[in-house]
file data.cif (mmCIF, C-alpha atoms and all ligand atoms)
data_protein
#
loop_
_atom_site.label_atom_id
_atom_site.label_comp_id
_atom_site.auth_asym_id
_atom_site.auth_seq_id
_atom_site.Cartn_x
_atom_site.Cartn_y
_atom_site.Cartn_z
CA MET A 1 5.35 -49.04 -14.35
CA MET A 2 4.56 -52.60 -13.31
CA ALA A 3 8.31 -53.36 -13.27
CA GLU A 4 8.84 -50.36 -10.98
CA ILE A 5 6.08 -51.50 -8.64
CA LEU A 6 7.78 -54.92 -8.43
CA GLY A 7 11.15 -53.23 -7.79
CA ARG A 8 12.81 -54.39 -11.02
CA ALA A 9 15.76 -52.82 -12.81
CA THR A 10 13.63 -52.24 -15.93
CA GLY A 11 11.16 -50.04 -14.02
CA TYR A 12 10.73 -46.32 -14.67
CA CYS A 13 13.00 -45.50 -11.70
CA LYS A 14 15.23 -48.58 -12.10
CA GLY A 15 13.36 -50.29 -9.29
CA ARG A 16 14.36 -47.75 -6.65
CA GLY A 17 11.17 -45.69 -6.43
CA GLY A 18 8.47 -48.29 -6.02
CA SER A 19 4.81 -47.35 -6.29
CA MET A 20 5.08 -44.42 -3.89
CA HIS A 21 7.86 -42.53 -5.65
CA ILE A 22 7.21 -43.52 -9.22
CA SER A 23 7.90 -40.94 -11.92
CA ASN A 24 8.60 -40.95 -15.62
CA LYS A 25 9.95 -37.82 -17.24
CA ALA A 26 9.60 -39.32 -20.72
CA ASN A 27 5.81 -39.14 -20.53
CA ASN A 28 5.64 -36.05 -18.29
CA ASN A 29 4.76 -37.97 -15.14
CA LEU A 30 6.28 -35.73 -12.46
CA GLY A 31 5.95 -38.38 -9.80
CA ALA A 32 4.00 -39.68 -6.87
CA ASN A 33 5.07 -38.48 -3.47
CA GLY A 34 5.36 -39.96 0.03
CA ILE A 35 4.78 -36.48 1.48
CA VAL A 36 1.02 -36.02 1.58
CA GLY A 37 0.35 -32.86 -0.45
CA GLY A 38 3.93 -32.77 -1.72
CA GLY A 39 2.85 -32.92 -5.36
CA ILE A 40 0.78 -29.70 -5.12
CA PRO A 41 3.70 -27.20 -5.06
CA ILE A 42 5.66 -29.35 -7.53
CA ALA A 43 2.79 -29.08 -10.00
CA THR A 44 2.57 -25.33 -9.35
CA GLY A 45 6.30 -24.92 -10.03
CA ALA A 46 6.01 -26.96 -13.23
CA ALA A 47 3.13 -24.71 -14.31
CA LEU A 48 5.31 -21.65 -13.69
CA GLY A 49 7.98 -23.29 -15.88
CA ILE A 50 5.43 -23.83 -18.64
CA LYS A 51 4.39 -20.19 -18.46
CA ILE A 52 7.99 -18.92 -18.61
CA LYS A 53 8.79 -21.21 -21.55
CA LYS A 54 5.49 -20.26 -23.21
CA SER A 55 4.78 -23.91 -24.06
CA ASN A 56 1.21 -25.04 -24.58
CA GLN A 57 0.96 -27.52 -21.68
CA VAL A 58 -1.19 -27.98 -18.60
CA VAL A 59 -0.23 -29.59 -15.29
CA VAL A 60 -2.67 -31.67 -13.24
CA ALA A 61 -2.05 -32.25 -9.53
CA PHE A 62 -3.98 -35.21 -8.07
CA PHE A 63 -4.44 -35.32 -4.31
CA SER A 64 -7.08 -36.04 -1.71
CA ASP A 65 -8.97 -34.35 1.15
CA GLY A 66 -6.20 -34.91 3.71
CA ALA A 67 -3.58 -33.36 1.43
CA SER A 68 -5.73 -30.27 0.99
CA ASN A 69 -5.15 -29.46 4.68
CA ASN A 70 -1.39 -29.29 4.21
CA GLY A 71 -0.33 -25.61 4.25
CA VAL A 72 1.28 -25.90 0.81
CA PHE A 73 -2.23 -26.20 -0.65
CA GLY A 74 -3.01 -22.57 0.23
CA GLU A 75 0.41 -21.25 -0.81
CA SER A 76 0.23 -23.06 -4.13
CA LEU A 77 -3.30 -22.03 -5.06
CA ASN A 78 -2.58 -18.42 -4.17
CA LEU A 79 0.60 -18.33 -6.27
CA ALA A 80 -1.10 -20.11 -9.18
CA SER A 81 -3.84 -17.54 -9.10
CA ILE A 82 -1.70 -14.39 -8.91
CA TYR A 83 0.66 -15.77 -11.61
CA ASN A 84 -2.28 -17.06 -13.66
CA LEU A 85 -0.66 -20.49 -14.09
CA PRO A 86 -1.82 -23.35 -16.34
CA VAL A 87 -2.59 -25.88 -13.60
CA ILE A 88 -5.58 -27.97 -12.53
CA TYR A 89 -5.89 -28.96 -8.88
CA MET A 90 -7.78 -32.26 -8.88
CA LEU A 91 -8.97 -32.77 -5.32
CA GLU A 92 -10.27 -36.33 -5.06
CA ASN A 93 -12.45 -36.07 -1.96
CA ASN A 94 -12.76 -39.72 -0.98
CA HIS A 95 -14.00 -38.75 2.51
CA TYR A 96 -11.05 -40.22 4.42
CA ALA A 97 -7.42 -39.46 5.19
CA VAL A 98 -6.26 -42.91 6.32
CA SER A 99 -8.90 -43.41 9.08
CA THR A 100 -9.75 -39.72 9.68
CA PRO A 101 -13.15 -38.71 8.26
CA VAL A 102 -13.18 -35.46 6.32
CA GLU A 103 -15.86 -34.05 8.68
CA TYR A 104 -13.47 -34.44 11.61
CA ALA A 105 -10.43 -32.86 10.01
CA SER A 106 -11.86 -30.16 7.74
CA ALA A 107 -13.74 -27.05 8.89
CA CYS A 108 -15.29 -26.69 5.44
CA CYS A 109 -16.30 -30.04 3.92
CA GLU A 110 -17.48 -28.51 0.65
CA MET A 111 -13.88 -28.21 -0.38
CA VAL A 112 -14.62 -26.58 -3.70
CA GLU A 113 -15.57 -23.46 -1.69
CA ARG A 114 -11.89 -22.89 -1.05
CA SER A 115 -11.40 -21.88 -4.68
CA ARG A 116 -13.17 -18.58 -3.92
CA ALA A 117 -10.53 -17.62 -1.36
CA TYR A 118 -7.94 -17.87 -4.12
CA GLY A 119 -9.96 -16.17 -6.84
CA MET A 120 -10.08 -19.13 -9.19
CA PRO A 121 -12.95 -21.12 -10.74
CA GLY A 122 -14.08 -24.06 -8.63
CA VAL A 123 -15.99 -27.05 -9.97
CA CYS A 124 -17.61 -29.74 -7.81
CA LEU A 125 -18.47 -32.94 -9.61
CA ASP A 126 -19.33 -36.61 -9.25
CA GLY A 127 -15.88 -38.18 -9.26
CA ASN A 128 -17.35 -41.59 -10.08
CA ASP A 129 -18.79 -40.35 -13.36
CA ALA A 130 -15.82 -40.61 -15.73
CA VAL A 131 -17.58 -38.69 -18.50
CA GLU A 132 -18.40 -35.75 -16.25
CA VAL A 133 -14.82 -35.77 -14.96
CA TYR A 134 -13.52 -35.76 -18.55
CA LEU A 135 -15.77 -32.94 -19.75
CA GLU A 136 -15.09 -30.63 -16.80
CA THR A 137 -11.36 -31.35 -16.86
CA LYS A 138 -11.31 -30.57 -20.58
CA LYS A 139 -12.94 -27.19 -19.89
CA ALA A 140 -10.36 -26.45 -17.18
CA ALA A 141 -7.53 -27.53 -19.50
CA ASP A 142 -8.86 -25.29 -22.28
CA ARG A 143 -9.02 -22.36 -19.86
CA ALA A 144 -5.43 -23.04 -18.80
CA THR A 145 -4.08 -23.19 -22.35
CA ASN A 146 -6.03 -20.03 -23.26
CA GLY A 147 -4.12 -18.19 -20.55
CA GLU A 148 -7.13 -18.08 -18.21
CA GLY A 149 -5.27 -19.64 -15.29
CA PRO A 150 -5.85 -22.37 -12.70
CA THR A 151 -8.97 -24.33 -11.66
CA LEU A 152 -9.81 -26.27 -8.52
CA ILE A 153 -11.89 -29.38 -9.20
CA GLU A 154 -13.42 -31.26 -6.28
CA ALA A 155 -14.27 -34.76 -7.44
CA LYS A 156 -16.44 -36.43 -4.81
CA THR A 157 -15.78 -40.14 -4.45
CA TYR A 158 -15.29 -42.79 -1.80
CA ARG A 159 -12.55 -45.21 -0.89
CA HIS A 160 -13.47 -48.83 -1.62
CA GLY A 161 -11.53 -50.28 1.29
CA GLY A 162 -8.93 -49.52 3.92
CA HIS A 163 -6.02 -47.17 3.33
CA HIS A 164 -3.60 -50.03 2.63
CA VAL A 165 -3.72 -53.81 2.22
CA ASN A 166 -3.54 -54.53 5.96
CA ASP A 167 -6.26 -52.01 6.86
CA PRO A 168 -9.74 -53.60 6.87
CA GLY A 169 -11.32 -50.10 6.98
CA LEU A 170 -13.68 -50.99 9.85
CA TYR A 171 -14.00 -47.29 10.76
CA MET A 172 -15.86 -46.64 7.50
CA ASP A 173 -19.64 -46.48 7.42
CA GLN A 174 -20.46 -49.86 5.86
CA GLN A 175 -23.78 -48.66 4.42
CA ASP A 176 -22.11 -45.68 2.70
CA LEU A 177 -19.38 -47.97 1.47
CA ALA A 178 -21.88 -50.39 -0.11
CA GLU A 179 -23.74 -47.53 -1.82
CA TRP A 180 -20.57 -46.03 -3.26
CA LYS A 181 -19.29 -49.43 -4.38
CA ALA A 182 -22.47 -49.93 -6.36
CA ARG A 183 -21.53 -46.68 -8.13
CA ASP A 184 -18.00 -47.81 -9.01
CA PRO A 185 -16.74 -45.61 -11.90
CA LEU A 186 -16.20 -48.70 -14.06
CA VAL A 187 -19.72 -49.98 -13.39
CA LEU A 188 -21.19 -46.58 -14.34
CA LEU A 189 -19.04 -46.25 -17.45
CA ARG A 190 -19.94 -49.75 -18.59
CA GLN A 191 -23.63 -48.74 -18.62
CA ARG A 192 -22.87 -46.19 -21.36
CA ILE A 193 -21.60 -48.76 -23.87
CA SER A 194 -22.76 -52.09 -25.29
CA ASP A 195 -21.75 -55.43 -23.76
CA GLU A 196 -19.76 -56.19 -26.88
CA GLU A 197 -17.77 -52.94 -26.64
CA ALA A 198 -17.20 -53.52 -22.93
CA ARG A 199 -15.95 -57.07 -23.51
CA LYS A 200 -13.54 -55.86 -26.22
CA ILE A 201 -12.09 -53.15 -23.95
CA GLU A 202 -11.81 -55.56 -21.02
CA ALA A 203 -10.06 -58.20 -23.13
CA GLN A 204 -7.55 -55.62 -24.37
CA ALA A 205 -6.95 -54.29 -20.85
CA ASP A 206 -6.49 -57.83 -19.52
CA SER A 207 -3.95 -58.73 -22.17
CA GLU A 208 -1.98 -55.47 -21.66
CA LEU A 209 -1.96 -56.10 -17.92
CA GLU A 210 -0.86 -59.71 -18.30
CA ALA A 211 1.95 -58.64 -20.64
CA ALA A 212 3.06 -55.98 -18.14
CA VAL A 213 3.10 -58.47 -15.25
CA GLU A 214 5.01 -61.01 -17.34
CA PHE A 215 7.55 -58.37 -18.40
CA ALA A 216 8.01 -57.27 -14.78
CA GLN A 217 8.31 -60.78 -13.37
CA ASN A 218 10.88 -61.73 -16.00
CA SER A 219 12.96 -58.60 -15.35
CA PRO A 220 16.04 -58.69 -13.11
CA GLU A 221 16.21 -56.99 -9.74
CA PRO A 222 18.65 -54.05 -9.48
CA SER A 223 22.21 -55.21 -8.83
CA VAL A 224 24.09 -54.40 -5.63
CA GLU A 225 26.79 -52.67 -7.72
CA GLU A 226 24.17 -50.20 -8.96
CA PHE A 227 22.95 -49.14 -5.51
CA LEU A 228 24.94 -45.89 -5.43
CA ALA A 229 24.51 -45.02 -9.12
CA ASP A 230 22.63 -41.81 -9.98
CA ILE A 231 23.35 -40.28 -6.58
CA GLU A 232 24.98 -36.87 -6.90
C1 LIG A 301 3.21 -34.56 5.30
C2 LIG A 301 2.68 -35.90 5.68
N1 LIG A 301 1.97 -36.03 6.84
C3 LIG A 301 1.48 -37.24 7.19
C4 LIG A 301 1.71 -38.36 6.42
C5 LIG A 301 1.13 -39.71 6.82
N2 LIG A 301 0.01 -40.02 5.95
C6 LIG A 301 0.12 -40.91 4.94
S1 LIG A 301 -1.30 -41.04 4.05
C7 LIG A 301 -2.08 -39.89 5.02
C8 LIG A 301 -3.52 -39.47 4.74
C9 LIG A 301 -3.68 -38.79 3.45
O1 LIG A 301 -5.03 -38.47 3.29
P1 LIG A 301 -5.61 -38.07 1.89
O2 LIG A 301 -4.83 -36.94 1.35
O3 LIG A 301 -7.07 -37.89 2.06
O4 LIG A 301 -5.28 -39.33 0.98
P2 LIG A 301 -6.09 -40.74 0.93
O5 LIG A 301 -5.97 -41.37 2.28
O6 LIG A 301 -7.49 -40.42 0.58
O7 LIG A 301 -5.37 -41.50 -0.15
C10 LIG A 301 -1.24 -39.43 6.01
C11 LIG A 301 -1.63 -38.43 7.04
C12 LIG A 301 2.49 -38.19 5.24
N3 LIG A 301 2.76 -39.23 4.43
N4 LIG A 301 2.95 -36.95 4.88
MG MG A 302 -8.70 -38.92 1.24
#
call {"tool": "encode", "arguments": {"input": "data.cif", "output": "structure tokens"}}
result
Amino acid sequence: MMAEILGRATGYCKGRGGSMHISNKANNNLGANGIVGGGIPIATGAALGIKIKKSNQVVVAFFSDGASNNGVFGESLNLASIYNLPVIYMLENNHYAVSTPVEYASACCEMVERSRAYGMPGVCLDGNDAVEVYLETKKAADRATNGEGPTLIEAKTYRHGGHHVNDPGLYMDQQDLAEWKARDPLVLLRQRISDEEARKIEAQADSELEAAVEFAQNSPEPSVEEFLADIE
């Protein structure tokens, strides 16, 4: 994945996808998408495939508040509900779509309420509490594999900066930002374990990350001859 982000030939998509279009079929990663909300119907279609093949899998679609106002959100949740599909819609409500506050762009800011319109269970949770996210997602996954259909999860969270590296995020309420930053998911999770455990996990994560960066930096860029390969 790091090689893909750095545009190297050894990346998941041979360096042609970059971070925005990354996917990896080998580990069932269906891909990120430059179309905001584009992953929602893709996940729904994959869930229909799972149902037809009768395999014991669950699809999770990750998206944010802005994406939930794309029309495909409604179409997808309705289809998932009438077909009783094994899919979890993970709506990460981080309160902003680029610089647009959720209150400006959404008539109903308690987004979990939308689940009722599609006749599926809706769960609203603290998206910064990793344990709560895990437990509720597990319940939704169990429902899906038991043939009990889709779930909409609204995980409330907050963006820790601008939308991209050149966006200072000055439109964000700085007081809110400071409060949410103090509740960073990693900070909260760290409080549940001992310092020794935390240090061990951090050391392992650091060394995996360093190895990934080294692998990526030492990998070649895609060759010009390969530019047209894999195009039908
Ligand atoms: C269909 C579509 N419309 C507009 C854009 C431009 N755009 C890129 S990101 C973004 C905001 C997305 O908001 P949200 O879903 O809340 O994601 P977040 O900013 O929280 O990551 C928009 C409108 C796009 N990429 N695709
Ligand atoms: Mg958002």
call {"tool": "residues_near_ligand", "arguments": {"input": "data.cif", "ligand": "ligand MG 302 (chain A)", "cutoff": "10 Å", "atoms": "all atoms listed in the file", "output": "list in words"}}
result
Phe63, Ser64, Asp65, Gly66, Ala67, Ser68, Leu91, Glu92, Asn93, Asn94, His95, Tyr96, Ala97, Val98, Ser99, Thr100, Pro101, Val102, Thr157, Tyr158, Arg159 and His163 of chain A
call {"tool": "residues_near_point", "arguments": {"input": "data.cif", "point": "(-3.2, -32.4, -10.1)", "cutoff": "8 Å", "atoms": "only C-alpha atoms", "output": "VMD selection string"}}
result
chain A and resid 39 to 40 43 59 to 63 87 to 91
call {"tool": "write_last_selection", "arguments": {"input": "data.cif", "atoms": "C-alpha atoms", "output": "compact mmCIF listing (two decimals), in the frame of the given file"}}
result
# COMPACT_ATOMS: atom_id res chain seq x y z
CA GLY A 39 2.85 -32.92 -5.36
CA ILE A 40 0.78 -29.70 -5.12
CA ALA A 43 2.79 -29.08 -10.00
CA VAL A 59 -0.23 -29.59 -15.29
CA VAL A 60 -2.67 -31.67 -13.24
CA ALA A 61 -2.05 -32.25 -9.53
CA PHE A 62 -3.98 -35.21 -8.07
CA PHE A 63 -4.44 -35.32 -4.31
CA VAL A 87 -2.59 -25.88 -13.60
CA ILE A 88 -5.58 -27.97 -12.53
CA TYR A 89 -5.89 -28.96 -8.88
CA MET A 90 -7.78 -32.26 -8.88
CA LEU A 91 -8.97 -32.77 -5.32
call {"tool": "residues_around", "arguments": {"input": "data.cif", "residues": "A:Asp230", "least_positions_apart": "3", "cutoff": "12 Å", "atoms": "all atoms listed in the file", "output": "ChimeraX atom specification"}}
result
/A:13-14,16,225-227
call {"tool": "closest_residue", "arguments": {"input": "data.cif", "among": "A:Met20, A:Ile42, A:Leu6, A:Val187", "to": "ligand LIG 301 (chain A)", "atoms": "only C-alpha atoms and all ligand atoms"}}
result
A:Met20
call {"tool": "atom_distance", "arguments": {"input": "data.cif", "atom1": "atom CA of A:Ala3", "atom2": "atom CA of A:His164"}}
result
20.1 Å
call {"tool": "closest_residue", "arguments": {"input": "data.cif", "among": "A:Val58, A:Val72, A:Leu152, A:Ile193", "to": "ligand LIG 301 (chain A)", "atoms": "all atoms listed in the file"}}
result
A:Val72
call {"tool": "closest_residue", "arguments": {"input": "data.cif", "among": "A:Gly38, A:Glu148, A:Gly49, A:Val133", "to": "A:Gly71", "atoms": "all atoms listed in the file"}}
result
A:Gly38
call {"tool": "atom_distance", "arguments": {"input": "data.cif", "atom1": "atom CA of A:Gln217", "atom2": "atom CA of A:Met1"}}
result
12.1 Å
call {"tool": "atom_distance", "arguments": {"input": "data.cif", "atom1": "atom CA of A:Pro41", "atom2": "atom CA of A:Glu75"}}
result
8.0 Å
call {"tool": "residues_near_point", "arguments": {"input": "data.cif", "point": "(-5.3, -21.8, -5.4)", "cutoff": "7 Å", "atoms": "only C-alpha atoms", "output": "PyMOL selection string"}}
result
chain A and resi 74+76-81+115+118+120
call {"tool": "closest_residue", "arguments": {"input": "data.cif", "among": "A:Ile35, A:Val165, A:Val131, A:Ala216", "to": "ligand LIG 301 (chain A)", "atoms": "only C-alpha atoms and all ligand atoms"}}
result
A:Ile35
call {"tool": "closest_residue", "arguments": {"input": "data.cif", "among": "A:Asn70, A:Asn24, A:Asn56, A:Asn29", "to": "ligand LIG 301 (chain A)", "atoms": "all atoms listed in the file"}}
result
A:Asn70
call {"tool": "closest_residue", "arguments": {"input": "data.cif", "among": "A:Thr10, A:Ser19, A:Asn69, A:Asn27", "to": "ligand LIG 301 (chain A)", "atoms": "all atoms listed in the file"}}
result
A:Asn69
call {"tool": "axis_aligned_box", "arguments": {"input": "data.cif", "around": "ligand LIG 301 (chain A)", "padding_each_side": "4 Å", "output": "JSON"}}
result
{"center_x": -2.1, "center_y": -38.0, "center_z": 3.5, "size_x": 18.7, "size_y": 14.9, "size_z": 15.3}
